[in-house]
Amino acid sequence: MSDSMETIDDELKTSCNEIRRCFEDYERNKVSIAPMQCISILNALKKKLDTTRPLFQKYKIEMRDLSRDQAIAFEQNLREYAQLIDNLNAKVAAEISEQNSKSSNEANRLELLGPADQSRKNLNTSSTDAKQLIKDANSLQSESKGVLNHVEILVSQTEEVGVNTNIALKSQTQQMTAIKDDVDKVQVLTIFSISHP
């Protein structure tokens with residue numbers, strides 16, 4: 001029994017160390033990775049963690065079959081594996097949430113502003129004369145004004161939706177109040193007709 005327990009212990013240790021190492025590599029390099037690629041890496045880590053769970057459960061089950069003296073040797077490892085797996089699960093879940101948020105923010109930015117203009121990104125001031133810089137600045141300012149106008153329209157539409165929703169809710173509240181009053185009247189009439197046949 002102890003040999004199979006040592007084999008499971010080795011497998012679990014190897015799996016946990018591999019996942020930890022992969023997550024540490026991810027943390028070191030995540031700044032240079034696109035949010036969608038980060039999410040793919042994190043989902044792969046989550047799958048590895050999910051496949052480690054049954055091995056951890058098997059470890060716990062096998063410990064039950066050991067004598068007390070044999071089990072003592074593996075109890076500390078069990079606690080360490082449990083803590084490591086829970087800790088990695090929490091970190092991976094937090095990173096997935098953060099990367100989903102970044103991805104969503106990027107999608108919202110693209111929706112509002114459109115894709116970044118490559119010519120603006122590669123603007124080389126040493127080879128561009130002052131007139132071109134002023135022309136580019138004016139163009140960028142006009143584009144910014146257009147985006148601002150678009151945002152103002154979106155805000156105006158959102159406010160209009162909010163006002164219409166508020167009106168609809170108020171009307172529904174009044175209808176519900178009228179229905180409640182009608183139900184109360186029916187209850188009173190029912191009680192009155194029962195007490196005065």
# chains A, B, ... in the order shown; residues from 1 in each chain; ligands from 1
>>> residues_around(residues="Glu95 (chain A)", least_positions_apart="2", cutoff="12 Å", atoms="only C-alpha atoms", output="NGL selection string")
:A and (23 or 26-27 or 30 or 35-36 or 38-43 or 45-46 or 88-93 or 97-103)
>>> residues_around(residues="region 9-13 of chain A", least_positions_apart="6", cutoff="8 Å", atoms="only C-alpha atoms", output="list of chain:residue names")
A:Thr52, A:Leu55, A:Phe56, A:Tyr59, A:Tyr81
>>> atom_distance(atom1="CA of Asp69 (chain A)", atom2="CA of Leu84 (chain A)")
24.4 Å
>>> closest_residue(among="A:Ile179, A:Val31, A:Ala44, A:Cys16", to="Leu78 (chain A)", atoms="only C-alpha atoms")
A:Cys16
>>> closest_residue(among="A:Ser67, A:Asn29, A:Asn17, A:Gln172", to="Lys48 (chain A)", atoms="only C-alpha atoms")
A:Asn17
>>> decode(residues="region 5-28 of chain A", atoms="C-alpha atoms", output="compact mmCIF listing (two decimals), in the first residue's frame")
# COMPACT_ATOMS: atom_id res chain seq x y z
CA MET A 5 0.89 5.89 -1.98
CA GLU A 6 4.43 7.01 -2.79
CA THR A 7 3.65 6.77 -6.51
CA ILE A 8 0.53 8.93 -6.11
CA ASP A 9 2.52 11.33 -3.92
CA ASP A 10 5.18 11.66 -6.63
CA GLU A 11 2.55 12.21 -9.35
CA LEU A 12 0.75 14.83 -7.29
CA LYS A 13 3.99 16.60 -6.39
CA THR A 14 5.10 16.63 -10.03
CA SER A 15 1.72 17.90 -11.22
CA CYS A 16 1.51 20.66 -8.59
CA ASN A 17 5.08 21.80 -9.22
CA GLU A 18 4.48 21.88 -12.98
CA ILE A 19 1.32 23.97 -12.58
CA ARG A 20 3.05 26.33 -10.14
CA ARG A 21 6.03 26.72 -12.51
CA CYS A 22 3.71 27.40 -15.48
CA PHE A 23 1.78 29.99 -13.49
CA GLU A 24 5.00 31.70 -12.36
CA ASP A 25 6.19 31.79 -16.00
CA TYR A 26 2.83 33.28 -16.98
CA GLU A 27 3.08 35.96 -14.26
CA ARG A 28 6.57 36.96 -15.41
